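Visitor: One structure is given below, represented as structure tokens, and several questions about it will come after.
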Amino acid sequence: MAAAQGHLSDGTDGTDGTEGARGPGAGADDAPPGFRAAVRALEEARLRPEIEVEATPAPRRLAPFAYALEAAVVQDGEDLSDGRLVLLHDPAGHDAWKGAFRLVTLVRAELEPEMAADPLLPEVCWSWLTGAFQARGLVHGEASGTVTRASSHHFGGLSARRPASQIEIRASWTPQEGPGGAPDTAGHLTAWSDLLARIAGLPPVAATDASVVSLPQRRGPRPHG
């Protein structure tokens, strides 16, 4: 699976480094109950079968606790879109987040030339993200991000290659915490996967479709010191 790599928006200064990342392995017993519940909900979420998901090392400097997933929409052996979703938790709360949890993402996909030429493409892609939340009734706040469109043209020895265009969405938002202190991370992951599928060009799938599958169980989150 070719997952998105690079910088993520943390909702404050727009980017953060992923250097020094740790895996989501040992240390779950030291994490607050709300964070453990949020991670468990991510692991138990049910997604459509075209989406391949796995745990990945999380940034270590953004919050005391972090957990990350990477995903790709794969159809007929081809990656149509890919992305990374990071759950951050600061038990003391975070002024910029206006909450104790934050979700951060990087999503990207190759575009057909006709779609890449659409002047409204950035606005449309951002509406796909916010619309995914609305469609699933998810309450969130402090959403921010960027949509970047890039094109590559080849010359010289590479001139035989077709021009290529790519869209990249970097975003972060604060999920509403539930009565037990944990947000509905399964719902947010599902909405995020809707965005991945939409940007890949897949048709929508009903939330009750029996073909959706659960994430494989992973080891617990790791606190970051």
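Labels used: A, B, ... for chains in the order of the structure tokens, numbers from 1 for residues in each chain, and numbers from 1 for ligands as shown.
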Just list as number ranges by chain whatever in stretch 15-205 of chain A DSSP marks as strand (DSSP E or B).
Guide: A: 16, 22, 46-47, 51-56, 58, 65-75, 78-94, 99-111, 140-152, 164-175, 177, 183
Visitor: Skip A:Leu129 itself and residues of its chain fewer than 4 positions away, then list as JSON, numbers by chain all residues within 12 Å of it, counting only C-alpha atoms.
Guide: {"A": [105, 106, 107, 122, 123, 124, 125, 133, 134, 135, 136, 138, 140, 143, 144, 145, 146, 147, 169, 170, 171, 172, 173, 188, 189, 190, 191, 192, 193, 194, 195, 196, 197, 198, 199]}
Visitor: Store the residues picked out above, limited to C-alpha atoms, as a PDB file, in the first residue's frame.
Guide:
```
ATOM      1  CA  THR A 105      -5.033  14.300   7.830  1.00  0.00           C
ATOM      2  CA  LEU A 106      -3.174  14.298   4.549  1.00  0.00           C
ATOM      3  CA  VAL A 107      -5.063  12.910   1.530  1.00  0.00           C
ATOM      4  CA  PRO A 122     -10.122  23.111  -4.438  1.00  0.00           C
ATOM      5  CA  GLU A 123     -13.493  24.324  -3.140  1.00  0.00           C
ATOM      6  CA  VAL A 124     -15.174  21.106  -4.276  1.00  0.00           C
ATOM      7  CA  CYS A 125     -12.570  18.904  -2.562  1.00  0.00           C
ATOM      8  CA  PHE A 133     -19.015  14.966   8.355  1.00  0.00           C
ATOM      9  CA  GLN A 134     -22.476  16.371   7.727  1.00  0.00           C
ATOM     10  CA  ALA A 135     -23.691  13.219   5.984  1.00  0.00           C
ATOM     11  CA  ARG A 136     -22.818  11.150   9.063  1.00  0.00           C
ATOM     12  CA  LEU A 138     -20.645  14.330  13.107  1.00  0.00           C
ATOM     13  CA  HIS A 140     -16.666  19.048  14.903  1.00  0.00           C
ATOM     14  CA  ALA A 143     -11.590  22.932  11.054  1.00  0.00           C
ATOM     15  CA  SER A 144      -8.732  24.270   8.939  1.00  0.00           C
ATOM     16  CA  GLY A 145      -6.624  23.123   6.042  1.00  0.00           C
ATOM     17  CA  THR A 146      -5.371  23.572   2.511  1.00  0.00           C
ATOM     18  CA  VAL A 147      -6.153  22.052  -0.865  1.00  0.00           C
ATOM     19  CA  ILE A 169      -5.773  17.881   1.014  1.00  0.00           C
ATOM     20  CA  ARG A 170      -4.236  18.728   4.374  1.00  0.00           C
ATOM     21  CA  ALA A 171      -6.695  19.339   7.154  1.00  0.00           C
ATOM     22  CA  SER A 172      -7.303  19.155  10.875  1.00  0.00           C
ATOM     23  CA  TRP A 173     -10.364  19.441  13.077  1.00  0.00           C
ATOM     24  CA  HIS A 188     -14.776  10.345  11.879  1.00  0.00           C
ATOM     25  CA  LEU A 189     -12.655   7.570  10.372  1.00  0.00           C
ATOM     26  CA  THR A 190     -15.631   6.422   8.329  1.00  0.00           C
ATOM     27  CA  ALA A 191     -16.307   9.967   7.113  1.00  0.00           C
ATOM     28  CA  TRP A 192     -12.618  10.332   6.271  1.00  0.00           C
ATOM     29  CA  SER A 193     -12.761   7.089   4.302  1.00  0.00           C
ATOM     30  CA  ASP A 194     -15.759   8.539   2.431  1.00  0.00           C
ATOM     31  CA  LEU A 195     -13.476  11.390   1.360  1.00  0.00           C
ATOM     32  CA  LEU A 196     -10.787   8.927   0.250  1.00  0.00           C
ATOM     33  CA  ALA A 197     -13.318   7.034  -1.834  1.00  0.00           C
ATOM     34  CA  ARG A 198     -14.850  10.210  -3.262  1.00  0.00           C
ATOM     35  CA  ILE A 199     -11.524  11.657  -4.364  1.00  0.00           C
TER      36      ILE A 199
END
```
Visitor: For A:Ala100, please output as a PyMOL selection string all residues within 6 Å (counting only C-alpha atoms; exclusion window: fewer than 2 positions along the same chain).
Guide: chain A and resi 89-91+93-94
Visitor: With a distance cut-off of 12 Å and only C-alpha atoms, select the neighbouring residues of A:Gln75, excluding the residue or stretch itself and same-chain residues fewer than 6 positions from it, and output the selection as a list of chain:residue names.
Guide: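 Here the answer would be A:Met1, A:Arg48, A:Pro49, A:Glu50, A:Ile51, A:Glu52, A:Ser81, A:Ala197, A:Ala200, A:Gly201, A:Leu202.
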Visitor: Please dump the current selection as a CSV table (one decimal), in the first residue's frame; keep C-alpha atoms.
Guide:
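The new file selection.csv reads:
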```csv
chain,number,residue,atom,x,y,z
A,1,MET,CA,0.0,0.0,0.0
A,48,ARG,CA,-15.7,-0.5,2.7
A,49,PRO,CA,-13.5,-3.3,1.2
A,50,GLU,CA,-11.7,-1.1,-1.3
A,51,ILE,CA,-10.0,0.7,1.5
A,52,GLU,CA,-6.8,-0.9,2.9
A,81,SER,CA,-6.0,7.6,-3.6
A,197,ALA,CA,-13.3,7.0,-1.8
A,200,ALA,CA,-10.7,8.3,-5.9
A,201,GLY,CA,-13.8,8.4,-8.0
A,202,LEU,CA,-15.7,5.5,-6.3
```
Visitor: Within 7 Å of A:Ala182, counting only C-alpha atoms, which residues show up once you throw out same-chain ones fewer than 6 positions away? Write them as number ranges by chain, please.
Guide: A: 34-35, 37-38
Visitor: Check the smallest atom-to-atom distance from each of A:Leu88, A:Leu47, A:Arg162, A:Ala109 to A:Arg61 using only C-alpha atoms, then report the winner.
Guide: A:Leu88
